[in-house]
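> Contents of start.pdb (PDB, C-alpha atoms, pLDDT in the B column) are below:
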```pdb
ATOM      1  CA  MET A   1     122.688  63.773  87.704  1.00 48.00           C
ATOM      2  CA  SER A   2     123.131  60.251  86.402  1.00 49.00           C
ATOM      3  CA  VAL A   3     124.324  58.732  83.156  1.00 49.00           C
ATOM      4  CA  SER A   4     122.628  56.093  81.080  1.00 44.00           C
ATOM      5  CA  LEU A   5     123.411  52.539  82.110  1.00 49.00           C
ATOM      6  CA  LEU A   6     121.285  50.923  79.422  1.00 49.00           C
ATOM      7  CA  ASP A   7     121.623  53.111  76.338  1.00 45.00           C
ATOM      8  CA  ASP A   8     121.878  51.305  72.994  1.00 39.00           C
ATOM      9  CA  ARG A   9     124.125  53.933  71.411  1.00 38.00           C
ATOM     10  CA  LYS A  10     127.702  52.871  70.762  1.00 38.00           C
ATOM     11  CA  SER A  11     130.527  54.817  72.319  1.00 35.00           C
ATOM     12  CA  ILE A  12     131.917  57.625  70.176  1.00 36.00           C
ATOM     13  CA  GLY A  13     135.650  57.614  69.534  1.00 45.00           C
ATOM     14  CA  ASP A  14     138.370  55.019  70.021  1.00 65.00           C
ATOM     15  CA  ALA A  15     138.675  54.830  73.805  1.00 82.00           C
ATOM     16  CA  THR A  16     135.978  53.137  75.860  1.00 90.00           C
ATOM     17  CA  GLY A  17     135.796  51.884  79.425  1.00 95.00           C
ATOM     18  CA  PRO A  18     136.563  53.437  82.832  1.00 96.00           C
ATOM     19  CA  PHE A  19     138.789  56.506  82.872  1.00 97.00           C
ATOM     20  CA  ALA A  20     140.223  59.277  85.009  1.00 97.00           C
ATOM     21  CA  TYR A  21     138.935  62.556  83.596  1.00 97.00           C
ATOM     22  CA  GLY A  22     142.273  64.370  83.835  1.00 96.00           C
ATOM     23  CA  ASP A  23     143.948  61.602  81.827  1.00 96.00           C
ATOM     24  CA  ASP A  24     141.212  61.742  79.194  1.00 97.00           C
ATOM     25  CA  LEU A  25     141.668  65.508  78.799  1.00 97.00           C
ATOM     26  CA  ALA A  26     145.447  65.132  78.595  1.00 96.00           C
ATOM     27  CA  GLY A  27     145.046  62.499  75.895  1.00 95.00           C
ATOM     28  CA  ARG A  28     142.778  64.797  73.921  1.00 96.00           C
ATOM     29  CA  LEU A  29     145.333  67.593  74.183  1.00 96.00           C
ATOM     30  CA  THR A  30     148.042  65.301  72.819  1.00 95.00           C
ATOM     31  CA  GLN A  31     145.808  64.261  69.930  1.00 95.00           C
ATOM     32  CA  ALA A  32     145.030  67.932  69.217  1.00 94.00           C
ATOM     33  CA  GLU A  33     148.642  68.939  68.553  1.00 92.00           C
ATOM     34  CA  ASP A  34     147.789  69.730  64.920  1.00 93.00           C
ATOM     35  CA  SER A  35     144.541  71.515  65.798  1.00 94.00           C
ATOM     36  CA  PRO A  36     144.180  75.327  65.747  1.00 96.00           C
ATOM     37  CA  LYS A  37     145.779  77.069  68.703  1.00 96.00           C
ATOM     38  CA  PRO A  38     142.451  78.263  70.250  1.00 95.00           C
ATOM     39  CA  ALA A  39     141.253  74.653  70.530  1.00 96.00           C
ATOM     40  CA  ARG A  40     144.483  73.586  72.231  1.00 96.00           C
ATOM     41  CA  THR A  41     144.398  76.601  74.560  1.00 97.00           C
ATOM     42  CA  ARG A  42     140.844  75.782  75.596  1.00 97.00           C
ATOM     43  CA  LEU A  43     141.855  72.196  76.392  1.00 97.00           C
ATOM     44  CA  ARG A  44     144.787  73.461  78.483  1.00 97.00           C
ATOM     45  CA  LEU A  45     142.411  75.670  80.443  1.00 98.00           C
ATOM     46  CA  MET A  46     139.917  72.816  80.857  1.00 98.00           C
ATOM     47  CA  ILE A  47     142.656  70.624  82.324  1.00 98.00           C
ATOM     48  CA  ALA A  48     143.560  73.413  84.753  1.00 98.00           C
ATOM     49  CA  VAL A  49     139.920  74.026  85.730  1.00 98.00           C
ATOM     50  CA  ALA A  50     139.376  70.294  86.290  1.00 98.00           C
ATOM     51  CA  ASP A  51     142.504  70.114  88.478  1.00 97.00           C
ATOM     52  CA  VAL A  52     141.423  73.082  90.606  1.00 97.00           C
ATOM     53  CA  LEU A  53     137.888  71.702  90.924  1.00 97.00           C
ATOM     54  CA  ALA A  54     139.249  68.345  92.051  1.00 95.00           C
ATOM     55  CA  GLU A  55     141.472  69.951  94.683  1.00 96.00           C
ATOM     56  CA  ASP A  56     139.401  72.901  95.912  1.00 96.00           C
ATOM     57  CA  GLY A  57     135.831  72.148  94.880  1.00 95.00           C
ATOM     58  CA  LEU A  58     133.406  74.419  93.086  1.00 95.00           C
ATOM     59  CA  HIS A  59     133.379  77.081  95.792  1.00 94.00           C
ATOM     60  CA  GLY A  60     137.175  77.210  95.942  1.00 96.00           C
ATOM     61  CA  LEU A  61     137.617  77.714  92.199  1.00 97.00           C
ATOM     62  CA  LYS A  62     139.567  80.904  91.329  1.00 97.00           C
ATOM     63  CA  VAL A  63     140.335  82.096  87.830  1.00 97.00           C
ATOM     64  CA  ALA A  64     143.845  83.137  88.933  1.00 97.00           C
ATOM     65  CA  ASP A  65     144.615  79.578  90.048  1.00 97.00           C
ATOM     66  CA  CYS A  66     143.359  78.157  86.748  1.00 98.00           C
ATOM     67  CA  VAL A  67     145.448  80.410  84.508  1.00 97.00           C
ATOM     68  CA  GLN A  68     148.513  79.897  86.684  1.00 97.00           C
ATOM     69  CA  ARG A  69     148.215  76.122  86.325  1.00 96.00           C
ATOM     70  CA  ALA A  70     147.683  76.445  82.590  1.00 97.00           C
ATOM     71  CA  GLY A  71     150.641  78.813  82.225  1.00 97.00           C
ATOM     72  CA  LEU A  72     148.511  81.381  80.411  1.00 97.00           C
ATOM     73  CA  ALA A  73     147.762  85.077  80.763  1.00 96.00           C
ATOM     74  CA  HIS A  74     144.805  86.028  82.947  1.00 94.00           C
ATOM     75  CA  GLY A  75     142.929  87.630  80.067  1.00 95.00           C
ATOM     76  CA  THR A  76     143.113  84.448  78.001  1.00 97.00           C
ATOM     77  CA  PHE A  77     140.593  82.793  80.320  1.00 97.00           C
ATOM     78  CA  TYR A  78     137.894  85.335  79.426  1.00 97.00           C
ATOM     79  CA  ARG A  79     138.118  84.527  75.735  1.00 96.00           C
ATOM     80  CA  TYR A  80     136.390  81.256  76.597  1.00 97.00           C
ATOM     81  CA  TRP A  81     134.255  81.877  79.720  1.00 97.00           C
ATOM     82  CA  ARG A  82     132.734  84.866  81.438  1.00 96.00           C
ATOM     83  CA  ASP A  83     133.696  83.664  84.949  1.00 96.00           C
ATOM     84  CA  GLY A  84     134.798  80.686  87.002  1.00 96.00           C
ATOM     85  CA  ARG A  85     131.257  79.338  87.472  1.00 94.00           C
ATOM     86  CA  SER A  86     130.608  79.168  83.707  1.00 95.00           C
ATOM     87  CA  ALA A  87     133.970  77.428  83.200  1.00 97.00           C
ATOM     88  CA  ALA A  88     133.110  74.905  85.914  1.00 96.00           C
ATOM     89  CA  ALA A  89     129.714  74.219  84.330  1.00 95.00           C
ATOM     90  CA  ASP A  90     131.372  73.695  80.934  1.00 96.00           C
ATOM     91  CA  VAL A  91     133.993  71.322  82.340  1.00 97.00           C
ATOM     92  CA  ILE A  92     131.499  69.315  84.392  1.00 96.00           C
ATOM     93  CA  ALA A  93     129.180  69.044  81.378  1.00 94.00           C
ATOM     94  CA  ASP A  94     132.143  67.757  79.349  1.00 96.00           C
ATOM     95  CA  PHE A  95     132.938  65.287  82.149  1.00 96.00           C
ATOM     96  CA  LEU A  96     129.404  63.899  81.910  1.00 93.00           C
ATOM     97  CA  ALA A  97     129.662  63.729  78.126  1.00 93.00           C
ATOM     98  CA  THR A  98     132.922  61.806  78.518  1.00 96.00           C
ATOM     99  CA  ILE A  99     131.166  59.273  80.761  1.00 94.00           C
ATOM    100  CA  ARG A 100     128.637  58.699  77.986  1.00 89.00           C
ATOM    101  CA  ARG A 101     131.262  58.714  75.219  1.00 93.00           C
ATOM    102  CA  ARG A 102     133.460  56.100  76.871  1.00 95.00           C
ATOM    103  CA  ARG A 103     130.655  53.806  77.992  1.00 91.00           C
ATOM    104  CA  PRO A 104     131.168  50.340  76.433  1.00 90.00           C
ATOM    105  CA  ALA A 105     128.441  49.330  74.008  1.00 89.00           C
ATOM    106  CA  THR A 106     125.916  46.897  75.521  1.00 87.00           C
ATOM    107  CA  GLY A 107     123.392  46.679  72.694  1.00 84.00           C
ATOM    108  CA  GLY A 108     122.347  43.094  72.070  1.00 88.00           C
ATOM    109  CA  MET A 109     123.070  41.947  75.624  1.00 93.00           C
ATOM    110  CA  PRO A 110     120.252  40.480  77.720  1.00 95.00           C
ATOM    111  CA  PHE A 111     118.636  43.067  79.991  1.00 95.00           C
ATOM    112  CA  THR A 112     120.177  41.689  83.198  1.00 94.00           C
ATOM    113  CA  ASP A 113     123.676  41.540  81.661  1.00 95.00           C
ATOM    114  CA  ARG A 114     123.356  45.161  80.549  1.00 94.00           C
ATOM    115  CA  ILE A 115     122.461  46.174  84.108  1.00 95.00           C
ATOM    116  CA  VAL A 116     125.601  44.473  85.432  1.00 96.00           C
ATOM    117  CA  ALA A 117     127.885  45.884  82.707  1.00 95.00           C
ATOM    118  CA  GLY A 118     126.503  49.383  83.204  1.00 94.00           C
ATOM    119  CA  HIS A 119     126.978  49.328  86.960  1.00 96.00           C
ATOM    120  CA  ARG A 120     130.505  47.922  86.740  1.00 97.00           C
ATOM    121  CA  TYR A 121     131.472  50.720  84.382  1.00 97.00           C
ATOM    122  CA  TYR A 122     129.765  53.500  86.343  1.00 96.00           C
ATOM    123  CA  ALA A 123     131.002  52.375  89.770  1.00 97.00           C
ATOM    124  CA  GLU A 124     134.609  52.338  88.561  1.00 97.00           C
ATOM    125  CA  VAL A 125     134.243  55.734  86.860  1.00 97.00           C
ATOM    126  CA  TYR A 126     132.735  57.098  90.076  1.00 97.00           C
ATOM    127  CA  ARG A 127     135.648  55.757  92.143  1.00 96.00           C
ATOM    128  CA  ARG A 128     138.291  57.195  89.823  1.00 97.00           C
ATOM    129  CA  ASN A 129     136.561  60.600  89.591  1.00 97.00           C
ATOM    130  CA  ALA A 130     135.117  61.035  93.080  1.00 96.00           C
ATOM    131  CA  ALA A 131     136.254  64.668  93.291  1.00 96.00           C
ATOM    132  CA  MET A 132     134.530  65.550  90.014  1.00 97.00           C
ATOM    133  CA  MET A 133     131.388  63.769  91.191  1.00 96.00           C
ATOM    134  CA  ARG A 134     131.454  65.909  94.335  1.00 96.00           C
ATOM    135  CA  CYS A 135     131.737  69.051  92.189  1.00 96.00           C
ATOM    136  CA  LEU A 136     128.818  67.843  90.091  1.00 95.00           C
ATOM    137  CA  GLY A 137     126.684  67.732  93.227  1.00 94.00           C
ATOM    138  CA  GLU A 138     127.918  71.154  94.330  1.00 95.00           C
ATOM    139  CA  LEU A 139     127.035  72.694  90.976  1.00 95.00           C
ATOM    140  CA  ALA A 140     123.584  71.106  90.929  1.00 93.00           C
ATOM    141  CA  ALA A 141     122.936  72.533  94.417  1.00 94.00           C
ATOM    142  CA  ALA A 142     124.183  76.005  93.464  1.00 93.00           C
ATOM    143  CA  ASP A 143     122.732  76.355  89.962  1.00 92.00           C
ATOM    144  CA  ALA A 144     118.991  75.853  89.492  1.00 92.00           C
ATOM    145  CA  GLU A 145     119.281  75.513  85.712  1.00 89.00           C
ATOM    146  CA  PHE A 146     121.998  72.866  85.985  1.00 90.00           C
ATOM    147  CA  SER A 147     119.840  71.059  88.545  1.00 92.00           C
ATOM    148  CA  ARG A 148     116.889  71.066  86.142  1.00 91.00           C
ATOM    149  CA  ILE A 149     119.112  69.660  83.414  1.00 88.00           C
ATOM    150  CA  GLY A 150     120.150  66.893  85.798  1.00 88.00           C
ATOM    151  CA  GLN A 151     116.562  66.077  86.691  1.00 91.00           C
ATOM    152  CA  ALA A 152     115.628  65.925  83.008  1.00 91.00           C
ATOM    153  CA  ALA A 153     118.587  63.608  82.343  1.00 88.00           C
ATOM    154  CA  ASN A 154     117.494  61.292  85.161  1.00 90.00           C
ATOM    155  CA  LEU A 155     113.957  61.174  83.815  1.00 93.00           C
ATOM    156  CA  ALA A 156     115.171  60.460  80.278  1.00 92.00           C
ATOM    157  CA  LEU A 157     117.396  57.675  81.624  1.00 91.00           C
ATOM    158  CA  ALA A 158     114.481  56.204  83.578  1.00 95.00           C
ATOM    159  CA  GLU A 159     112.282  56.223  80.487  1.00 96.00           C
ATOM    160  CA  ARG A 160     114.962  54.381  78.468  1.00 92.00           C
ATOM    161  CA  VAL A 161     115.363  51.774  81.191  1.00 94.00           C
ATOM    162  CA  VAL A 162     111.593  51.316  81.384  1.00 96.00           C
ATOM    163  CA  ARG A 163     111.457  50.618  77.644  1.00 95.00           C
ATOM    164  CA  SER A 164     114.242  48.034  77.952  1.00 94.00           C
ATOM    165  CA  TRP A 165     112.533  46.493  80.965  1.00 95.00           C
ATOM    166  CA  GLU A 166     109.198  46.243  79.120  1.00 94.00           C
ATOM    167  CA  ARG A 167     110.866  44.435  76.210  1.00 93.00           C
ATOM    168  CA  ALA A 168     112.677  42.026  78.530  1.00 93.00           C
ATOM    169  CA  ASP A 169     109.851  41.286  80.964  1.00 93.00           C
ATOM    170  CA  PRO A 170     106.255  41.097  79.686  1.00 91.00           C
ATOM    171  CA  ALA A 171     105.135  40.706  83.329  1.00 90.00           C
ATOM    172  CA  SER A 172     106.017  44.376  83.850  1.00 92.00           C
ATOM    173  CA  ALA A 173     102.728  45.186  82.080  1.00 90.00           C
ATOM    174  CA  ALA A 174     100.981  44.342  85.354  1.00 90.00           C
ATOM    175  CA  LEU A 175     102.296  47.682  86.670  1.00 92.00           C
ATOM    176  CA  THR A 176     101.104  51.070  85.502  1.00 92.00           C
ATOM    177  CA  GLN A 177     103.477  53.262  83.505  1.00 93.00           C
ATOM    178  CA  ALA A 178     103.829  55.542  86.531  1.00 95.00           C
ATOM    179  CA  GLU A 179     104.713  52.585  88.771  1.00 93.00           C
ATOM    180  CA  ARG A 180     107.358  51.338  86.333  1.00 94.00           C
ATOM    181  CA  LEU A 181     108.872  54.805  86.045  1.00 96.00           C
ATOM    182  CA  ALA A 182     108.851  55.297  89.827  1.00 95.00           C
ATOM    183  CA  ARG A 183     110.604  51.970  90.383  1.00 95.00           C
ATOM    184  CA  VAL A 184     113.372  52.842  87.949  1.00 97.00           C
ATOM    185  CA  LEU A 185     113.813  56.328  89.435  1.00 96.00           C
ATOM    186  CA  ALA A 186     114.094  54.711  92.870  1.00 96.00           C
ATOM    187  CA  CYS A 187     116.808  52.393  91.529  1.00 97.00           C
ATOM    188  CA  ILE A 188     118.730  55.333  90.060  1.00 96.00           C
ATOM    189  CA  ALA A 189     118.511  57.287  93.320  1.00 95.00           C
ATOM    190  CA  MET A 190     119.636  54.250  95.296  1.00 96.00           C
ATOM    191  CA  ALA A 191     122.650  53.719  93.040  1.00 96.00           C
ATOM    192  CA  ASP A 192     123.775  57.347  93.252  1.00 95.00           C
ATOM    193  CA  GLY A 193     123.185  57.423  97.007  1.00 95.00           C
ATOM    194  CA  LEU A 194     125.248  54.309  97.666  1.00 95.00           C
ATOM    195  CA  LEU A 195     128.111  55.490  95.459  1.00 96.00           C
ATOM    196  CA  ARG A 196     128.121  58.842  97.285  1.00 94.00           C
ATOM    197  CA  ASP A 197     128.235  57.089 100.648  1.00 92.00           C
ATOM    198  CA  ILE A 198     131.116  54.875  99.586  1.00 93.00           C
ATOM    199  CA  TYR A 199     133.259  57.272  97.549  1.00 94.00           C
ATOM    200  CA  LEU A 200     132.403  60.815  98.688  1.00 92.00           C
ATOM    201  CA  ARG A 201     132.261  60.423 102.461  1.00 84.00           C
ATOM    202  CA  PRO A 202     134.742  58.944 104.934  1.00 80.00           C
ATOM    203  CA  PRO A 203     133.692  55.286 104.700  1.00 77.00           C
ATOM    204  CA  SER A 204     133.399  52.818 107.498  1.00 79.00           C
ATOM    205  CA  GLU A 205     135.925  49.980 107.375  1.00 79.00           C
ATOM    206  CA  PRO A 206     133.472  47.430 105.879  1.00 85.00           C
ATOM    207  CA  LEU A 207     132.566  49.786 103.018  1.00 87.00           C
ATOM    208  CA  ALA A 208     136.198  50.674 102.393  1.00 84.00           C
ATOM    209  CA  ALA A 209     136.955  46.989 101.889  1.00 87.00           C
ATOM    210  CA  MET A 210     134.437  46.592  99.052  1.00 92.00           C
ATOM    211  CA  THR A 211     135.781  46.441  95.514  1.00 94.00           C
ATOM    212  CA  THR A 212     134.022  48.362  92.761  1.00 95.00           C
ATOM    213  CA  GLU A 213     132.988  45.021  91.267  1.00 96.00           C
ATOM    214  CA  GLN A 214     131.323  44.044  94.532  1.00 96.00           C
ATOM    215  CA  VAL A 215     129.570  47.409  94.724  1.00 96.00           C
ATOM    216  CA  ALA A 216     128.379  47.127  91.115  1.00 97.00           C
ATOM    217  CA  ASP A 217     127.144  43.572  91.574  1.00 96.00           C
ATOM    218  CA  LEU A 218     125.252  44.564  94.721  1.00 96.00           C
ATOM    219  CA  LEU A 219     123.555  47.413  92.872  1.00 97.00           C
ATOM    220  CA  SER A 220     122.722  45.104  89.972  1.00 97.00           C
ATOM    221  CA  ALA A 221     121.156  42.558  92.316  1.00 96.00           C
ATOM    222  CA  CYS A 222     119.028  45.303  93.891  1.00 95.00           C
ATOM    223  CA  TRP A 223     117.868  46.519  90.474  1.00 96.00           C
ATOM    224  CA  ARG A 224     116.921  42.985  89.453  1.00 94.00           C
ATOM    225  CA  ARG A 225     114.916  42.504  92.607  1.00 93.00           C
ATOM    226  CA  VAL A 226     113.047  45.786  92.260  1.00 95.00           C
ATOM    227  CA  LEU A 227     112.400  45.504  88.523  1.00 95.00           C
ATOM    228  CA  LEU A 228     112.179  41.781  87.918  1.00 92.00           C
ATOM    229  CA  GLY A 229     111.344  40.299  91.313  1.00 88.00           C
ATOM    230  CA  ASP A 230     114.575  38.284  91.081  1.00 59.00           C
ATOM    231  CA  TYR A 231     115.711  37.220  94.559  1.00 43.00           C
ATOM    232  CA  SER A 232     118.368  34.788  93.384  1.00 45.00           C
ATOM    233  CA  ALA A 233     121.876  35.066  94.808  1.00 42.00           C
ATOM    234  CA  GLY A 234     124.821  36.294  92.786  1.00 43.00           C
ATOM    235  CA  ALA A 235     125.336  38.938  90.135  1.00 38.00           C
TER     236      ALA A 235
END
```
In structure tokens, how does this file's structure come out?

Amino acid sequence: MSVSLLDDRKSIGDATGPFAYGDDLAGRLTQAEDSPKPARTRLRLMIAVADVLAEDGLHGLKVADCVQRAGLAHGTFYRYWRDGRSAAADVIADFLATIRRRRPATGGMPFTDRIVAGHRYYAEVYRRNAAMMRCLGELAAADAEFSRIGQAANLALAERVVRSWERADPASAALTQAERLARVLACIAMADGLLRDIYLRPPSEPLAAMTTEQVADLLSACWRRVLLGDYSAGA
């Protein structure tokens, strides 16, 4: 499941830019000190669920571990979720929403600059939240409905990118709509695949030496070449 790199919507809230999900949740809990107790309790549990997911993965998630970390009674958990899997799905969905919420606004930028800005943001978020990204993949593999939601999100992203591409490059009209959509979906799959290889698997020494900026600029160059036929060097 990917997030939009080229969405025109502005980020919601004050904080934008790359983040660590646990820090974002902790900041929300601090800001919620005057909120009703149930809202604060839910945030405490979400922080605990995110911590356990990051350490043990989806299949290692236990309700007992979550409530112990949150310092709450076991029964409190079931006021919010029916089981660990539903809590994990809720937290991972919130993680994805946070990626969208904190994405810097790129509306008004040239198409190629938006590609670069989007990849630099997403690559850094991926690096800082590799464990949550792994859990996202685990949930998509284990839950058919969540997988379908992810596929629909990828398709919606591809359609938005195609519209931006069409506005930026009249030559794209030489391709059929299906060909344009397929090219963008291939770019999305390539980006997610490379980020998985770099951040979710033991990397080879050359990959480990790459900065997130280098990774993002490489992805941006590949997108330009596939979508625009741009074989120039650089970002």
> Written as a PDB file with C-alpha atoms, in the coordinates of the input, which residues does the PyMOL selection byres ((chain A and resi 46) around 9) give for the file shown?

```pdb
ATOM      1  CA  LEU A  25     141.668  65.508  78.799  1.00 97.00           C
ATOM      2  CA  THR A  41     144.398  76.601  74.560  1.00 97.00           C
ATOM      3  CA  ARG A  42     140.844  75.782  75.596  1.00 97.00           C
ATOM      4  CA  LEU A  43     141.855  72.196  76.392  1.00 97.00           C
ATOM      5  CA  ARG A  44     144.787  73.461  78.483  1.00 97.00           C
ATOM      6  CA  LEU A  45     142.411  75.670  80.443  1.00 98.00           C
ATOM      7  CA  ILE A  47     142.656  70.624  82.324  1.00 98.00           C
ATOM      8  CA  ALA A  48     143.560  73.413  84.753  1.00 98.00           C
ATOM      9  CA  VAL A  49     139.920  74.026  85.730  1.00 98.00           C
ATOM     10  CA  ALA A  50     139.376  70.294  86.290  1.00 98.00           C
ATOM     11  CA  ASP A  51     142.504  70.114  88.478  1.00 97.00           C
ATOM     12  CA  CYS A  66     143.359  78.157  86.748  1.00 98.00           C
ATOM     13  CA  ALA A  70     147.683  76.445  82.590  1.00 97.00           C
ATOM     14  CA  ALA A  87     133.970  77.428  83.200  1.00 97.00           C
ATOM     15  CA  ALA A  88     133.110  74.905  85.914  1.00 96.00           C
ATOM     16  CA  ASP A  90     131.372  73.695  80.934  1.00 96.00           C
ATOM     17  CA  VAL A  91     133.993  71.322  82.340  1.00 97.00           C
TER      18      VAL A  91
END
```
> Give me the residues within 8 Å of Cys135 in chain A as a compact mmCIF listing (two decimals) with C-alpha atoms, in the frame of the given file, counting all atoms listed in the file and dropping any in the same chain fewer than 3 places off.

```
# COMPACT_ATOMS: atom_id res chain seq x y z
CA LEU A 53 137.89 71.70 90.92
CA ALA A 54 139.25 68.34 92.05
CA GLY A 57 135.83 72.15 94.88
CA LEU A 58 133.41 74.42 93.09
CA ILE A 92 131.50 69.32 84.39
CA ALA A 131 136.25 64.67 93.29
CA MET A 132 134.53 65.55 90.01
CA GLU A 138 127.92 71.15 94.33
CA LEU A 139 127.04 72.69 90.98
```
> Decode the PyMOL selection byres ((chain A and resi 76) around 12) for the given file into explicit residues and return them as JSON, numbers by chain.
{"A": [38, 41, 42, 44, 45, 63, 64, 66, 67, 68, 70, 71, 72, 73, 74, 75, 77, 78, 79, 80, 81, 82, 83]}
> Could you list, as a list in words, every residue matched by the PyMOL selection byres ((chain A and resi 223) around 10) in this structure?
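Selected by the PyMOL selection byres ((chain A and resi 223) around 10) here: Thr112, Ile115, Val116, Arg183, Val184, Ala186, Cys187, Ile188, Met190, Ala191, Asp217, Leu218, Leu219, Ser220, Ala221, Cys222, Arg224, Arg225, Val226, Leu227, Leu228, Gly229 and Asp230 of chain A.
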> If we count all atoms listed in the file, what is near Met133 in chain A at a cut-off of 9 Å, once residues fewer than 4 positions away on the same chain are taken out, given as an MDAnalysis selection string?
chainID A and resid 92 126 129 137:138 196 200
> Write out as a list in words which residues come within 12 Å of Gln214 in chain A when counting all atoms listed in the file, dropping same-chain ones fewer than 5 positions away.
Val116, His119, Arg120, Ala123, Glu124, Leu195, Ile198, Leu207, Ala208, Ala209, Leu219, Ser220, Ala221, Gly234 and Ala235 of chain A
> For CA of Ala130 in chain A and CA of Glu159 in chain A, determine how far apart the two atoms are, in Å to one decimal place.
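Separation between CA of Ala130 in chain A and CA of Glu159 in chain A: 26.5 Å.
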> Distance CA of Asn154 in chain A-CA of Ala20 in chain A, one decimal place?
22.8 Å
> By how many Å are CA of Phe111 in chain A and CA of Trp165 in chain A apart?
7.1 Å
> Write out as AutoDock Vina command-line options an axis-aligned box for range 189-199 of chain A: all of its atoms listed in the file, 6 Å added on each side, centre and edge lengths in Å with one decimal.

```
--center_x 125.9 --center_y 56.3 --center_z 96.8 --size_x 26.7 --size_y 17.1 --size_z 19.6
```
> Choose the residue, out of A:Glu166, A:Ala178, A:Leu136, A:Glu213, that has the smallest atom-to-atom separation from Asp94 in chain A; count all atoms listed in the file.
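With all atoms listed in the file as the atom set, the closest residue is A:Leu136.
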> When distances are computed from all atoms listed in the file, which of A:Arg163, A:Arg180, A:Ala93, A:Pro170 shows the smallest separation from Gly150 in chain A?
A:Ala93
> Rank A:His59, A:Val162, A:Val215, A:Tyr122 by their smallest atom-to-atom distance to Ala141 in chain A, using only C-alpha atoms, and report the top residue only.
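Of A:His59, A:Val162, A:Val215, A:Tyr122, the one nearest Ala141 in chain A, counting only C-alpha atoms, is A:His59.
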